[in-house]
Amino acid sequence: MLKGLLGSLWHREKGGEAARRGLAALQAGDLRAAEAAFRRALAAGCDTAEVYGGLGRALWEQGRLDEGLEALRLAVDREPGNPRYQLGLALALEKGAPDEAVQHLRALQKLLPDEPRIEARLHKPLMELCDWDAVERVVGELETRTGREPAEQWTLRIDPFVALALPIAPQLVAEAARQHARRIVHAAAPVLQLKRAAHAGRCRLGYVAAEFRDHATAHLAAGLFERHDRKRFELYAYSLSRGDGSDYERRVRAAFDHFVDLSAVSDVDAARKIASDGVDVLIDLKGYTAGARAGIFARRPAPIQVNYLGYPGSMQAEFMDYIIADPIVVPRPQFQWFSESVVWLPGSYQPNDDRQRIDDATPSRAQLGLPEHGTVYCCFNRSYKIERQTFAAWMRILSAVPGSALWLLWSNAATESRLREAASLAGVDPMRLVFAQRTAKPKHLARHGVADLFLDTRTYNAHTTASDALWAGLPLLTWPGKTFASRVAASLLEAVGLPELVVSSLADYEGTAIALGRDRERRRRVHERLAENRLKMSLFRTADYAHGLERAIESMHARQLRGDRPDSFAA
C-alpha cells in the first residue's frame, strides 16, 4: 500500500514538473513544446485547470481551434471563478460563437469590474452579432472618454483592429494603434536593436504571416509570390502558424527560396533568425490582426520593415517604415493619420491571383435556396462589417425591388436570428434573407454567378470578398468613406474599369442599387463590361502587379543603401 502511495505521489510530481515545463514553453512562445509538456502532465494525472488552460491556449494559437476550445472549456469547468480561463475561452469563442463569448466576457466584467481590457474584447463579438445598440453605445462612450481620459487609459478599451471597423474619427483610430504599438515596444523591452545595414546585390525579401495556407491572404497573394523575380530577389517566407496541407500552402511553399516555420518560436528568437538570414526588406502581412506578432518587428530584425495587405490602416509604430497603398485608399490628405511613409502603387494596392480556379459547375438558384426569379443582391462580408445604416439601406432597396432577395454569408445562428428580426422590423419578409454556408473557394467563386449585384458595407469594405466577386464576374457597388478600410472596394473598381459603381452618398448608393435591380438590361451591360475588363484592366494582371511592387521594394532598398531616411513616393 505504501509503495502504491509513493508511486502515486511520484507520478503526480512528475505531472507537476511537466506542467511547469509547459508553462515555461508557453511563455517562450514554443507552442509545440508546450503542447507536448501539457499532454505529459495530463497523462501523469495532473489534470488541473492550469494544465487544461495552457493546453487550450497552445492548441488555439497553433490554429487548432476545436481542440483548443475543448481544453479551455475543461479549464473553466475546473475553476469557473478564475478570470484567466474565462478570458481564454471567450477569445476562442469570439468568431464561431460570439453570443457565448459575450456571456463569458460579461461574467468576467462582474469578476473584474475595473479591468478595461475586458471591455475591449467585448466589441468584436458584439459586432459579429450585429448588436447595433451595444456597438453604438461603445462608439459614444469612446468618443466621450477621449475628451476626459489620457490616451493610454481609453485606448485600453479598444483593440486597434476593431477600431478600423467602428464609425469613429480617423484620429481615434490612429491613437488606438499608437498606444497599442507603445505597449508592444514596452513588452519587448529591452528592445533588441538587431537592425543592420542593407547589403548590395540581390535583395533579400522576407514576408511574415500566419496565413500561408487556405486563407484570404494566400488567396490574394499566392500569384504574387509565384511571379516574384527570383533572379533579383531571394525570397523568405516566415510562417507564424502550422500548415494545412492545402493547395494554397503548397503553392506558397514552392514560390519561396526559404520557408521558415516560426509558429513555435518566441518573438526574440524569431527576430534573431530573421536578422541572421540577412533579410533586407521585411514585410508584415498581419499588422494588428488575429495571430499577429508585431513583437518580432519591434526587435528591428531588418533594415526596412513594411506594413502590407493584412491590416488596412497605419500601425502607428516607430518600428514600421513604410505602408503599401494607392492614391485611392490613402489619398494625400490622409497621410497625416499614417506614421509610415506611404508608397503608392500603380493601380490598386491589392494583389490578386489570376490563377484562382473557379469551379466549372455553377449551381442553380434553387440548389442555393435562392428564388428562381427576381434580383439577387449579395454581400459575403463577415457580419461584423454590417452596420445599422447599411442594413437599413439594404432593406429599403429590397422594399423598392419586388421579388428581390439578399444573400448573406452565414456566420452563426444568433446573428442570423438578429438580422431576420431586423428585416421584419423594417417591414421586409425575413425569408427574403438567404444565408450561404461556407464552402471550398472554387465552389464559392462559382456560386457568385447566380447573383446580380454585390452590395458593399461602408466603414469596413469588402476586401478579398470584393475581388472574389469581381474575379467571378459579379459587379459590386460601394460608397467609400474616409479611411483605408472604407476605400478598398473603390480602389478595386477603379482598377477594373467600373468607376460608375463608386458612389458619393447614401442616396446614390440606394438609388443605383434600386435602378440596377429594376433594369435587367442595364445590369447585363455592366456584367458584360466587367467580363471585358476583367483580364484587360490592371486589377487581375498579376505579373504586372508583381513588377510594380518589386519596383517599390527596390526603391526602398536603394534609399537605404544611400543612407536616406524612408519617405513617401509613387512607385
# chains A, B, ... in the order shown; residues from 1 in each chain; ligands from 1
>>> residues_around(residues="Ala58 (chain A)", least_positions_apart="4", cutoff="9 Å", atoms="only C-alpha atoms", output="list in words")
Leu26, Gly29, Asp30, Leu31, Arg32, Ala34, Glu35, Gly53, Gly54, Gln62, Gly63, Arg64 and Gly68 of chain A
>>> select_by_dssp(residues="region 168-221 of chain A", states="helix (DSSP H, G or I)", output="list in words")
Pro170, Gln171, Leu172, Val173, Ala174, Glu175, Ala176, Ala177, Arg178, Gln179, His180, Ala181, Arg182, Arg183, Ile184, Val185, His186, Ala187, Ala188, Ala216, Thr217, Ala218, His219, Leu220 and Ala221 of chain A
>>> residues_around(residues="region 312-323 of chain A", least_positions_apart="6", cutoff="6 Å", atoms="only C-alpha atoms", output="CSV table (one decimal) with N, CA and C atoms, in the first residue's frame")
chain,number,residue,atom,x,y,z
A,177,ALA,N,-4.1,52.7,-32.4
A,177,ALA,CA,-3.0,51.9,-32.9
A,177,ALA,C,-1.7,52.4,-32.3
A,178,ARG,N,-1.6,53.7,-32.1
A,178,ARG,CA,-0.3,54.3,-31.5
A,178,ARG,C,-0.1,53.8,-30.1
A,181,ALA,N,0.9,50.1,-30.2
A,181,ALA,CA,2.3,50.0,-30.6
A,181,ALA,C,3.3,50.3,-29.4
A,298,ALA,N,9.2,44.7,-33.5
A,298,ALA,CA,9.6,45.7,-32.5
A,298,ALA,C,11.1,45.5,-32.2
A,305,GLN,N,11.2,47.8,-42.8
A,305,GLN,CA,10.1,47.0,-42.4
A,305,GLN,C,8.8,47.6,-42.9
A,306,VAL,N,7.9,46.8,-43.5
A,306,VAL,CA,6.8,47.3,-44.3
A,306,VAL,C,5.5,46.7,-43.8
A,338,PHE,N,-1.0,58.6,-40.8
A,338,PHE,CA,-0.1,57.5,-41.0
A,338,PHE,C,1.3,57.8,-40.5
A,339,SER,N,1.8,56.9,-39.7
A,339,SER,CA,3.2,57.1,-39.2
A,339,SER,C,4.2,56.6,-40.2
A,340,GLU,N,3.8,55.6,-41.0
A,340,GLU,CA,4.6,55.0,-42.0
A,340,GLU,C,4.7,56.0,-43.2
A,341,SER,N,5.8,55.9,-43.9
A,341,SER,CA,5.9,56.6,-45.2
A,341,SER,C,5.0,55.8,-46.2
A,342,VAL,N,4.2,56.5,-47.0
A,342,VAL,CA,3.2,55.9,-47.8
A,342,VAL,C,3.8,55.7,-49.2
A,484,PHE,N,-8.7,54.0,-45.0
A,484,PHE,CA,-8.2,53.0,-45.8
A,484,PHE,C,-9.2,51.8,-45.9
A,485,ALA,N,-9.6,51.3,-44.8
A,485,ALA,CA,-10.5,50.2,-44.8
A,485,ALA,C,-11.8,50.4,-45.5
>>> residues_around(residues="Thr362 (chain A)", least_positions_apart="5", cutoff="12 Å", atoms="only C-alpha atoms", output="tab-separated table (two decimals) with C-alpha atoms, in the first residue's frame")
chain	number	residue	atom	x	y	z
A	367	GLN	CA	-29.85	24.48	-55.12
A	368	LEU	CA	-28.66	27.51	-53.15
A	442	PRO	CA	-13.56	27.30	-56.23
A	443	LYS	CA	-17.19	26.43	-55.41
A	444	HIS	CA	-17.66	29.73	-53.59
A	445	LEU	CA	-16.40	31.65	-56.61
A	446	ALA	CA	-18.66	29.68	-58.94
A	447	ARG	CA	-21.82	30.43	-56.96
A	448	HIS	CA	-21.31	34.17	-57.48
A	449	GLY	CA	-22.62	33.51	-60.99
A	450	VAL	CA	-26.24	33.32	-59.81
A	451	ALA	CA	-26.22	36.77	-58.13
A	472	ALA	CA	-16.12	35.71	-60.60
>>> atom_distance(atom1="CA of Ser538 (chain A)", atom2="CA of Leu498 (chain A)")
12.0 Å
>>> residues_around(residues="Arg357 (chain A)", least_positions_apart="2", cutoff="12 Å", atoms="only C-alpha atoms", output="PyMOL selection string")
chain A and resi 219+223+247-248+353-355+359-361+440-446+468+471-472
